[in-house]
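Trainee: Have a look at this one before I ask anything.
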Amino acid sequence: MLICHNAEELAAHTKDYPQVAFVPTMGSLHEGHLSLMRIAREHGSGVVASIFVNRLQFGPTRTSIATPGPSRRTAASSSRWVSTCCSRPTSTRCIDPAGVPRAAAAARHRARGGVPAGLLRRVCTVVLKLFNLVQPDVAVFGKKDRQQIKIVRGMVQQFNMPIRIVAGETVRADDGLALASRNAYLTPAERAEAPRLYRTLRDIADAIAGGAPITRTSRPPPRRARPRRWSVDYIAVRNGLGLRIPHPKGSTTRTC
Ligand code: PAF
């Protein structure tokens, strides 16, 4: 493994590879990242991985993506130049991904299970910068962040970037919880409880696949009425392309 200390060094190493496959990360590497790197190896003669803790992905709300502290230190020591390149302020506005509701609709969107729109714009901006630095032929992203893959694919298509986006399967712990750096934020009690989310989603998916009707329900119950252990408040059904709420003509299928 080589650690590059600037863009020129990286270009010098990658220029001889006919196919460069790229795995962007925010550090705190785990088995999920390693599986993406194995996929990258299948698609490229050279594999580049970046560690950049995107400060644009940190924010004041609880829904913002935040990667636990140790990775920040890793990133600071091992890829400071990537951070410098990516954090540099620009006079150009962030990339504005299609299919993500603008400010007025954002709160509603989030309330229905979407990732905040501003966050996705910031992810796109940083991914664009990383793509320009690395100039990969293939980039590998985890299916765990499904919305992210959709939006990056859309960006690549719309800006005619010659990069193939490959999606890697989610790697799970034995109890079903998807591996994620952010799991480190869970308390032992929350960690024990977390796999129930996956099991619940699987049960719902199986029920729908088995023909169970999806019906519109009213708002989530008020907080005080919720049990101490979490329960499903609502499910948002999205179309595959723009992640918008589908309203098929002549169908009784609805969001619930
Ligand atoms: O998925 C991630 O880890 C981040 O969103 C990414 C793609 C590295 C951009 O900061």
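Identifiers in the structure tokens: chain A, B, ... in order shown; residue index from 1 per chain; ligand index from 1 in order shown.
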Could you make a table, as a Markdown table, of the residues of chain A that have an atom within 10 Å of an atom of ligand 1, each with its nearest atom pair and distance in Å to one decimal, counting only C-alpha atoms and all ligand atoms, in chain and number order?
Mentor:
```
| residue | atom | partner | partner_atom_place_in_ligand_line | distance |
| --- | --- | --- | --- | --- |
| A:Val23 | CA | ligand 1 | 8 (C) | 7.9 |
| A:Pro24 | CA | ligand 1 | 8 (C) | 4.4 |
| A:Thr25 | CA | ligand 1 | 8 (C) | 3.9 |
| A:Met26 | CA | ligand 1 | 3 (O) | 4.7 |
| A:Gly27 | CA | ligand 1 | 3 (O) | 7.6 |
| A:Ser28 | CA | ligand 1 | 3 (O) | 9.6 |
| A:Leu29 | CA | ligand 1 | 3 (O) | 9.7 |
| A:His33 | CA | ligand 1 | 3 (O) | 9.0 |
| A:Ala49 | CA | ligand 1 | 8 (C) | 9.6 |
| A:Ser50 | CA | ligand 1 | 8 (C) | 7.7 |
| A:Ile51 | CA | ligand 1 | 8 (C) | 7.3 |
| A:Phe52 | CA | ligand 1 | 10 (O) | 6.6 |
| A:Val53 | CA | ligand 1 | 10 (O) | 6.5 |
| A:Asn54 | CA | ligand 1 | 10 (O) | 5.1 |
| A:Arg55 | CA | ligand 1 | 10 (O) | 8.6 |
| A:Leu56 | CA | ligand 1 | 10 (O) | 8.3 |
| A:Gln57 | CA | ligand 1 | 10 (O) | 7.0 |
| A:Ile65 | CA | ligand 1 | 5 (O) | 8.1 |
| A:Ala66 | CA | ligand 1 | 3 (O) | 9.8 |
| A:Thr67 | CA | ligand 1 | 3 (O) | 8.7 |
| A:Cys86 | CA | ligand 1 | 10 (O) | 9.6 |
| A:Leu119 | CA | ligand 1 | 5 (O) | 9.2 |
| A:Leu120 | CA | ligand 1 | 5 (O) | 8.5 |
| A:Arg122 | CA | ligand 1 | 10 (O) | 8.3 |
| A:Val123 | CA | ligand 1 | 9 (C) | 5.2 |
| A:Cys124 | CA | ligand 1 | 9 (C) | 7.5 |
| A:Thr125 | CA | ligand 1 | 9 (C) | 8.7 |
| A:Val126 | CA | ligand 1 | 10 (O) | 6.0 |
| A:Val127 | CA | ligand 1 | 9 (C) | 5.6 |
| A:Leu128 | CA | ligand 1 | 9 (C) | 9.3 |
| A:Lys129 | CA | ligand 1 | 9 (C) | 9.9 |
| A:Leu130 | CA | ligand 1 | 9 (C) | 8.5 |
| A:Ala139 | CA | ligand 1 | 7 (C) | 9.9 |
| A:Val140 | CA | ligand 1 | 7 (C) | 9.3 |
| A:Phe141 | CA | ligand 1 | 1 (O) | 6.9 |
| A:Gly142 | CA | ligand 1 | 1 (O) | 7.4 |
| A:Lys143 | CA | ligand 1 | 1 (O) | 9.7 |
| A:Lys144 | CA | ligand 1 | 1 (O) | 8.8 |
| A:Asp145 | CA | ligand 1 | 1 (O) | 6.8 |
| A:Arg146 | CA | ligand 1 | 1 (O) | 9.9 |
| A:Gln148 | CA | ligand 1 | 5 (O) | 7.1 |
| A:Ile149 | CA | ligand 1 | 7 (C) | 8.8 |
| A:Val152 | CA | ligand 1 | 7 (C) | 8.9 |
| A:Ala180 | CA | ligand 1 | 3 (O) | 9.3 |
| A:Ser181 | CA | ligand 1 | 3 (O) | 9.0 |
```
Trainee: Give me the residues near A:Ala194 as a count of residues only, where near means some atom within 10 Å (using only C-alpha atoms) and where sequence neighbours in that chain fewer than 5 positions away do not count.
Mentor: 10
Trainee: Record the distance separating atom CA of A:Arg191 and atom CA of A:Ile235, expressed in Å with one decimal.
Mentor: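 Between atom CA of A:Arg191 and atom CA of A:Ile235 the gap is 22.0 Å.
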Trainee: Could you check how far atom CA of A:Tyr17 sits from atom CA of A:Glu42, in Å to one decimal?
Mentor: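 According to the coordinates, atom CA of A:Tyr17 and atom CA of A:Glu42 are separated by 13.5 Å.
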Trainee: For a quick check of understanding, using only C-alpha atoms, which of A:Asp203, A:Asp96, A:Glu31, A:Glu169 has the smallest distance to A:Gly154?
Mentor: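 Of all the options, A:Asp96 lies closest to A:Gly154.
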Trainee: Work out how far atom CA of A:Leu36 is from atom CA of A:Pro195, in Å to one decimal.
Mentor: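 Calculated distance between atom CA of A:Pro195 and atom CA of A:Leu36 is 22.0 Å.
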Trainee: For a quick check of understanding, using only C-alpha atoms, which of A:Asp137, A:Val166, A:Ser231, A:Met37 has the smallest distance to A:Lys150?
Mentor: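 For A:Lys150, the nearest of the candidates is A:Val166.
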Trainee: Which residue, A:Val156, A:Leu197, A:Ala205, A:Ala21, has the smallest gap to A:Gln135 when you use only C-alpha atoms?
Mentor: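 Smallest distance to A:Gln135 is found for A:Ala21.
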